[in-house]
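Peer 1: There's a structure below that I have some questions on.
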Amino acid sequence: MAKRSPLAEKLEEVRQRIAAACAKAKRDPSEVTLVAVTKTAAPEQIREILQLGVADLGESRVQVLTQRAAQINEFVARQRSHGGSPGSGGLPEKVRWHMIGHLQRNKVKPVLPLVSLIHSVDSLRLAEEIDAQAAKLGKKVSLLMQVNASEEAQKSGVAVGAAVHLAEQVDSMPNLQLVGLMTMAALEENEAKVRQAFSRTREIFEEMRWHKIGGTNLRHLSMGMSNDFELAIAEGSTMVRIGSALFGGEAHEDHQVGEE
Ligand SMILES: *Cc1c(COP(=O)(O)O)cnc(C)c1O
């Protein structure tokens with residue numbers, strides 16, 4: 001058997017940990033989507049992880065996302081036109097970009113055509129701007145509402161007590177499709193506290209379901225990062241956003257522009 005690359009090994013390890021966490025929670029691993037967060041990845045690592053079969057990529061900054069989506073789309077188009085290079089593995093049918101970071105209203109327009117899912121809607125004004133831009137594109141935009149379940153003052157996300165009301169408002173906008181919630185737990189040693197942020201988010205999700213907010217499309221909980229995804233899966237996560245466990249923790253800022 002051919003020796004696997006370091007990235008292939010890390011991906012295999014992450015997939016096994018996801019499978020183990022699902023088994024422990026008596027869940028089917030197909031319920032949990034791995035979103036590879038590429039903010040510390042070099043461009044060649046992004047291409048490699050696609051060839052390893054990961055179709056979902058996440059970025060937290062608009063400028064980086066737009067640059068990288070353009071590069072990757074070009075790469076995928078080139079591979080396709082060559083019928084795929086030998087030994088390059090299979091590229092996914094469709095590459096899906098996830099906007100996972102804080103989104104400013106004046107950045108909505110450039111990201112909208114590129115993203116499959118926005119994870120970070122946390123205010124009425126932002127939702128209104130996305131709705132207005134989506135109308136211009138004639139596109140229905142899928143999004144998650146970000147909840148500040150750890151209740152840290154500096155953190156993005158709608159407050160726990162305001163979440164259901166905002167969800168109702170978002171759900172009433174014609175060009176938006178609310179599909180779930182996202183949260184980030186605190187960077188915290190205390191497992192019980194981390195887990196509480198996830199369980200609180202799941203409770204809000206259940207309350208929304210009870211009110212039929214989002215209808216049958218409401219089915220995603222984007223919870224869990226490299227340090228806490230097993231706890232998130234135990235609490236019902238359907239999307240884990242994993243960066244450093246795949247690509248390491250060092251940022252590749254210098255690779256971001258014009259790299260090919
Ligand atoms: C960076 C980031 C991640 C990934 O974090 P890791 O700890 O590197 O796995 C997930 N979600 C958001 C919103 C991020 O900004």
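Each chain in the structure tokens gets a letter, A, B and so on, in the order shown; residues start at 1 in every chain, and ligands are counted from 1 in the order they appear.
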For Pro174 in chain A, find every residue with an atom within 9 Å (counting only C-alpha atoms), except residues of its own chain fewer than 2 positions away, and show them as a list in words.
Peer 2: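 Near neighbours after the sequence-gap exclusion: Asp131, Ala135, Lys140, Val170, Asp171, Ser172, Leu176 and Gln177 of chain A.
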Peer 1: For the selection just defined, write its residues with all heavy atoms to a file, as a PDB file, in the first residue's frame.
Peer 2:
```pdb
ATOM      1  N   ASP A 131     -30.891  39.027   2.875  1.00  0.00           N
ATOM      2  CA  ASP A 131     -32.168  38.844   2.166  1.00  0.00           C
ATOM      3  C   ASP A 131     -32.247  39.764   0.944  1.00  0.00           C
ATOM      4  O   ASP A 131     -32.635  39.334  -0.145  1.00  0.00           O
ATOM      5  CB  ASP A 131     -33.319  39.118   3.142  1.00  0.00           C
ATOM      6  CG  ASP A 131     -34.679  38.805   2.528  1.00  0.00           C
ATOM      7  OD1 ASP A 131     -34.863  37.673   2.048  1.00  0.00           O
ATOM      8  OD2 ASP A 131     -35.536  39.705   2.525  1.00  0.00           O
ATOM      9  N   ALA A 135     -32.156  38.543  -2.992  1.00  0.00           N
ATOM     10  CA  ALA A 135     -33.240  38.865  -3.927  1.00  0.00           C
ATOM     11  C   ALA A 135     -32.667  39.323  -5.261  1.00  0.00           C
ATOM     12  O   ALA A 135     -33.118  38.922  -6.328  1.00  0.00           O
ATOM     13  CB  ALA A 135     -34.140  39.944  -3.326  1.00  0.00           C
ATOM     14  N   LYS A 140     -32.015  31.726  -3.211  1.00  0.00           N
ATOM     15  CA  LYS A 140     -32.438  31.510  -1.829  1.00  0.00           C
ATOM     16  C   LYS A 140     -31.204  31.078  -1.040  1.00  0.00           C
ATOM     17  O   LYS A 140     -30.543  30.103  -1.399  1.00  0.00           O
ATOM     18  CB  LYS A 140     -33.529  30.435  -1.763  1.00  0.00           C
ATOM     19  CG  LYS A 140     -34.172  30.323  -0.409  1.00  0.00           C
ATOM     20  CD  LYS A 140     -35.683  30.147  -0.512  1.00  0.00           C
ATOM     21  CE  LYS A 140     -36.297  30.133   0.889  1.00  0.00           C
ATOM     22  NZ  LYS A 140     -37.755  30.303   0.865  1.00  0.00           N
ATOM     23  N   VAL A 170     -35.935  35.829  10.992  1.00  0.00           N
ATOM     24  CA  VAL A 170     -35.144  35.363   9.841  1.00  0.00           C
ATOM     25  C   VAL A 170     -35.990  34.434   8.982  1.00  0.00           C
ATOM     26  O   VAL A 170     -35.988  34.505   7.749  1.00  0.00           O
ATOM     27  CB  VAL A 170     -33.859  34.645  10.330  1.00  0.00           C
ATOM     28  CG1 VAL A 170     -33.151  33.942   9.175  1.00  0.00           C
ATOM     29  CG2 VAL A 170     -32.908  35.628  11.010  1.00  0.00           C
ATOM     30  N   ASP A 171     -36.732  33.576   9.644  1.00  0.00           N
ATOM     31  CA  ASP A 171     -37.545  32.574   8.947  1.00  0.00           C
ATOM     32  C   ASP A 171     -38.637  33.211   8.089  1.00  0.00           C
ATOM     33  O   ASP A 171     -39.114  32.613   7.132  1.00  0.00           O
ATOM     34  CB  ASP A 171     -38.156  31.635   9.987  1.00  0.00           C
ATOM     35  CG  ASP A 171     -38.738  30.380   9.354  1.00  0.00           C
ATOM     36  OD1 ASP A 171     -38.133  29.881   8.384  1.00  0.00           O
ATOM     37  OD2 ASP A 171     -39.779  29.906   9.827  1.00  0.00           O
ATOM     38  N   SER A 172     -39.009  34.431   8.434  1.00  0.00           N
ATOM     39  CA  SER A 172     -40.082  35.091   7.676  1.00  0.00           C
ATOM     40  C   SER A 172     -39.559  35.803   6.427  1.00  0.00           C
ATOM     41  O   SER A 172     -40.341  36.322   5.637  1.00  0.00           O
ATOM     42  CB  SER A 172     -40.808  36.092   8.578  1.00  0.00           C
ATOM     43  OG  SER A 172     -39.955  37.203   8.800  1.00  0.00           O
ATOM     44  N   LEU A 176     -34.362  33.845   2.374  1.00  0.00           N
ATOM     45  CA  LEU A 176     -33.488  33.148   3.309  1.00  0.00           C
ATOM     46  C   LEU A 176     -34.088  31.806   3.685  1.00  0.00           C
ATOM     47  O   LEU A 176     -35.305  31.675   3.807  1.00  0.00           O
ATOM     48  CB  LEU A 176     -33.297  33.968   4.595  1.00  0.00           C
ATOM     49  CG  LEU A 176     -32.777  35.396   4.441  1.00  0.00           C
ATOM     50  CD1 LEU A 176     -32.539  36.015   5.818  1.00  0.00           C
ATOM     51  CD2 LEU A 176     -31.502  35.427   3.614  1.00  0.00           C
ATOM     52  N   GLN A 177     -33.220  30.816   3.834  1.00  0.00           N
ATOM     53  CA  GLN A 177     -33.661  29.523   4.333  1.00  0.00           C
ATOM     54  C   GLN A 177     -32.854  29.195   5.589  1.00  0.00           C
ATOM     55  O   GLN A 177     -31.665  28.906   5.509  1.00  0.00           O
ATOM     56  CB  GLN A 177     -33.426  28.429   3.279  1.00  0.00           C
ATOM     57  CG  GLN A 177     -33.898  27.065   3.718  1.00  0.00           C
ATOM     58  CD  GLN A 177     -35.398  27.046   3.944  1.00  0.00           C
ATOM     59  OE1 GLN A 177     -36.171  27.246   3.018  1.00  0.00           O
ATOM     60  NE2 GLN A 177     -35.815  26.827   5.190  1.00  0.00           N
TER      61      GLN A 177
END
```
Peer 1: Can I get the residues close to ligand 1 as JSON, numbers by chain, where close means within 12 Å and we count only C-alpha atoms and all ligand atoms?
Peer 2: {"A": [14, 34, 35, 36, 37, 38, 39, 40, 41, 57, 58, 59, 60, 61, 62, 98, 99, 100, 101, 102, 103, 118, 119, 120, 121, 146, 147, 148, 155, 156, 157, 182, 183, 184, 185, 186, 187, 222, 223, 224, 225, 226, 227, 228, 229, 230, 239, 240, 241, 242, 243, 244, 245, 246, 247, 248, 249, 250, 251]}
Peer 1: I'd like the contact shell of range 108-113 of chain A - 7 Å cut-off, only C-alpha atoms, skipping same-chain residues fewer than 6 positions apart - returned as JSON, numbers by chain.
Peer 2: {"A": [62, 66, 130, 133]}
Peer 1: Okay, now the selection with all heavy atoms, as a CSV table (one decimal), in the first residue's frame?
Peer 2:
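Saved result, again36.csv, follows:
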```csv
chain,number,residue,atom,x,y,z
A,62,VAL,N,-13.9,37.0,4.8
A,62,VAL,CA,-14.5,37.2,3.5
A,62,VAL,C,-13.4,37.3,2.4
A,62,VAL,O,-13.5,36.6,1.3
A,62,VAL,CB,-15.4,38.4,3.4
A,62,VAL,CG1,-15.8,38.8,2.0
A,62,VAL,CG2,-16.7,38.1,4.3
A,66,THR,N,-13.0,34.6,-0.7
A,66,THR,CA,-13.3,35.0,-2.1
A,66,THR,C,-12.1,34.6,-2.9
A,66,THR,O,-12.2,34.0,-4.0
A,66,THR,CB,-13.7,36.5,-2.3
A,66,THR,OG1,-12.7,37.3,-1.6
A,66,THR,CG2,-15.0,36.8,-1.7
A,130,ILE,N,-28.6,40.3,3.9
A,130,ILE,CA,-28.5,39.0,3.1
A,130,ILE,C,-29.7,38.8,2.3
A,130,ILE,O,-29.7,38.5,1.1
A,130,ILE,CB,-28.2,37.8,4.0
A,130,ILE,CG1,-26.9,38.0,4.8
A,130,ILE,CG2,-28.1,36.5,3.2
A,130,ILE,CD1,-26.6,37.0,5.9
A,133,GLN,N,-29.7,41.2,-0.7
A,133,GLN,CA,-28.8,40.8,-1.8
A,133,GLN,C,-29.2,39.5,-2.5
A,133,GLN,O,-28.9,39.4,-3.7
A,133,GLN,CB,-27.3,40.7,-1.2
A,133,GLN,CG,-26.8,42.0,-0.6
A,133,GLN,CD,-26.5,43.1,-1.7
A,133,GLN,OE1,-26.5,42.7,-2.9
A,133,GLN,NE2,-26.4,44.3,-1.3
```
Peer 1: Taking only C-alpha atoms into account, name the residue in A:Pro92, A:Glu206, A:Val115, A:Asn217 that is nearest to Gly53 in chain A.
Peer 2: A:Pro92
Peer 1: Determine, counting only C-alpha atoms, which protein, DNA and RNA residues have an atom within 7 Å of an atom of Ala149 in chain A; residues of the same chain fewer than 2 positions away are not included. Present the result as number ranges by chain.
Peer 2: A: 147, 151, 160, 183, 197, 200-201
Peer 1: Please report the interatomic distance between CA of Ala162 in chain A and CA of Leu218 in chain A in Å with one decimal.
Peer 2: 18.0 Å
Peer 1: List every residue of range 152-198 of chain A that DSSP, applied to the backbone of this structure, assigns to strand (DSSP E), and report them as a VMD selection string.
Peer 2: chain A and resid 176 to 183
Peer 1: Limited to C-alpha atoms, could you put the picked residues into a file as a PDB file, in the first residue's frame?
Peer 2:
```
ATOM      1  CA  LEU A 176     -33.488  33.148   3.309  1.00  0.00           C
ATOM      2  CA  GLN A 177     -33.661  29.523   4.333  1.00  0.00           C
ATOM      3  CA  LEU A 178     -32.836  28.982   7.965  1.00  0.00           C
ATOM      4  CA  VAL A 179     -31.377  25.480   8.312  1.00  0.00           C
ATOM      5  CA  GLY A 180     -30.056  25.479  11.854  1.00  0.00           C
ATOM      6  CA  LEU A 181     -27.774  26.939  14.484  1.00  0.00           C
ATOM      7  CA  MET A 182     -24.054  27.398  14.976  1.00  0.00           C
ATOM      8  CA  THR A 183     -22.132  27.933  18.161  1.00  0.00           C
TER       9      THR A 183
END
```
Peer 1: What is the distance, in Å and to one decimal place, between CA of Ala163 in chain A and CA of Glu191 in chain A?
Peer 2: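 A separation of 23.9 Å between them.
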Peer 1: Run DSSP on the backbone and grab whatever in range 75-152 of chain A lands in alpha helix (DSSP H); send it over as a PyMOL selection string.
Peer 2: chain A and resi 75-81+108-111+124-137
Peer 1: Please produce an output containing N, CA, C and O atoms for each residue in the selection, written as a short mmCIF file (atom, residue, chain, number, x, y, z; two decimals), in the first residue's frame.
Peer 2:
```cif
data_model
loop_
_atom_site.label_atom_id
_atom_site.label_comp_id
_atom_site.auth_asym_id
_atom_site.auth_seq_id
_atom_site.Cartn_x
_atom_site.Cartn_y
_atom_site.Cartn_z
N PHE A 75 -9.02 25.52 -10.25
CA PHE A 75 -8.33 24.23 -10.17
C PHE A 75 -9.28 23.08 -10.52
O PHE A 75 -8.94 22.19 -11.31
N VAL A 76 -10.47 23.12 -9.95
CA VAL A 76 -11.43 22.04 -10.19
C VAL A 76 -11.82 22.01 -11.67
O VAL A 76 -11.85 20.94 -12.29
N ALA A 77 -12.05 23.19 -12.25
CA ALA A 77 -12.41 23.26 -13.67
C ALA A 77 -11.29 22.68 -14.53
O ALA A 77 -11.53 21.93 -15.48
N ARG A 78 -10.05 23.00 -14.19
CA ARG A 78 -8.89 22.52 -14.95
C ARG A 78 -8.78 21.00 -14.85
O ARG A 78 -8.57 20.30 -15.84
N GLN A 79 -8.94 20.48 -13.62
CA GLN A 79 -8.86 19.02 -13.44
C GLN A 79 -9.93 18.31 -14.26
O GLN A 79 -9.68 17.30 -14.88
N ARG A 80 -11.10 18.91 -14.25
CA ARG A 80 -12.22 18.29 -14.97
C ARG A 80 -11.94 18.27 -16.46
O ARG A 80 -12.19 17.28 -17.13
N SER A 81 -11.41 19.39 -16.98
CA SER A 81 -11.21 19.48 -18.44
C SER A 81 -10.11 18.52 -18.88
O SER A 81 -10.07 18.11 -20.02
N VAL A 108 -21.43 41.29 2.48
CA VAL A 108 -22.40 40.25 2.10
C VAL A 108 -22.38 40.03 0.59
O VAL A 108 -22.35 38.89 0.11
N LYS A 109 -22.38 41.13 -0.15
CA LYS A 109 -22.50 41.04 -1.61
C LYS A 109 -21.42 40.17 -2.26
O LYS A 109 -21.75 39.29 -3.05
N PRO A 110 -20.13 40.37 -1.94
CA PRO A 110 -19.12 39.52 -2.60
C PRO A 110 -19.17 38.03 -2.21
O PRO A 110 -18.79 37.19 -3.02
N VAL A 111 -19.59 37.72 -0.98
CA VAL A 111 -19.56 36.29 -0.61
C VAL A 111 -20.77 35.51 -1.10
O VAL A 111 -20.68 34.31 -1.32
N LEU A 124 -30.57 41.01 13.18
CA LEU A 124 -31.65 41.27 12.23
C LEU A 124 -31.14 42.06 11.02
O LEU A 124 -31.48 41.77 9.88
N ARG A 125 -30.29 43.05 11.29
CA ARG A 125 -29.81 43.90 10.20
C ARG A 125 -28.97 43.10 9.21
O ARG A 125 -29.04 43.30 8.01
N LEU A 126 -28.16 42.19 9.71
CA LEU A 126 -27.37 41.34 8.81
C LEU A 126 -28.30 40.44 7.99
O LEU A 126 -28.13 40.31 6.77
N ALA A 127 -29.28 39.86 8.64
CA ALA A 127 -30.22 38.99 7.92
C ALA A 127 -30.95 39.78 6.84
O ALA A 127 -31.13 39.29 5.71
N GLU A 128 -31.34 41.01 7.15
CA GLU A 128 -32.04 41.85 6.17
C GLU A 128 -31.16 42.15 4.97
O GLU A 128 -31.62 42.14 3.83
N GLU A 129 -29.88 42.39 5.23
CA GLU A 129 -28.96 42.68 4.13
C GLU A 129 -28.77 41.43 3.25
O GLU A 129 -28.76 41.53 2.02
N ILE A 130 -28.64 40.27 3.87
CA ILE A 130 -28.48 39.04 3.09
C ILE A 130 -29.75 38.80 2.26
O ILE A 130 -29.68 38.45 1.08
N ASP A 131 -30.89 39.03 2.87
CA ASP A 131 -32.17 38.84 2.17
C ASP A 131 -32.25 39.76 0.94
O ASP A 131 -32.63 39.33 -0.14
N ALA A 132 -31.84 41.03 1.12
CA ALA A 132 -31.92 42.00 0.02
C ALA A 132 -30.96 41.62 -1.11
O ALA A 132 -31.31 41.66 -2.29
N GLN A 133 -29.73 41.22 -0.75
CA GLN A 133 -28.75 40.84 -1.78
C GLN A 133 -29.15 39.54 -2.47
O GLN A 133 -28.91 39.36 -3.66
N ALA A 134 -29.73 38.63 -1.69
CA ALA A 134 -30.18 37.35 -2.26
C ALA A 134 -31.28 37.59 -3.29
O ALA A 134 -31.30 36.96 -4.34
N ALA A 135 -32.16 38.54 -2.99
CA ALA A 135 -33.24 38.87 -3.93
C ALA A 135 -32.67 39.32 -5.26
O ALA A 135 -33.12 38.92 -6.33
N LYS A 136 -31.61 40.15 -5.20
CA LYS A 136 -30.98 40.65 -6.44
C LYS A 136 -30.37 39.51 -7.25
O LYS A 136 -30.34 39.56 -8.48
N LEU A 137 -29.85 38.52 -6.55
CA LEU A 137 -29.24 37.38 -7.25
C LEU A 137 -30.27 36.35 -7.68
O LEU A 137 -29.95 35.40 -8.39
#
```
Peer 1: Restricting the calculation to only C-alpha atoms, which member of A:Lys107, A:Asp28, A:Leu11, A:Ala232 is positioned closest to Gln63 in chain A?
Peer 2: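 For Gln63 in chain A, the nearest of the candidates is A:Lys107.
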Peer 1: With a distance cut-off of 12 Å and only C-alpha atoms, select the neighbouring residues of Asn73 in chain A, excluding the residue or stretch itself and same-chain residues fewer than 4 positions from it, and output the selection as a list of chain:residue names.
Peer 2: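 Result of the neighbour search: A:Ile46, A:Arg47, A:Leu50, A:Leu65, A:Thr66, A:Gln67, A:Arg68, A:Ala69, A:Ala77, A:Arg78, A:Gln79, A:Arg80, A:Leu91, A:Pro92, A:Glu93, A:Lys94, A:Val95, A:Arg96, A:Trp97, A:Leu114.
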Peer 1: When you draw a straight line from CA of Ile49 in chain A to CA of Arg17 in chain A, how long is it in Å?
Peer 2: 17.4 Å
Peer 1: A:Ser150, A:Ile213, A:Thr238, A:Val32: which is nearest Ala19 in chain A, counting only C-alpha atoms?
Peer 2: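 Going through A:Ser150, A:Ile213, A:Thr238, A:Val32 one by one, the smallest distance to Ala19 in chain A is for A:Val32.
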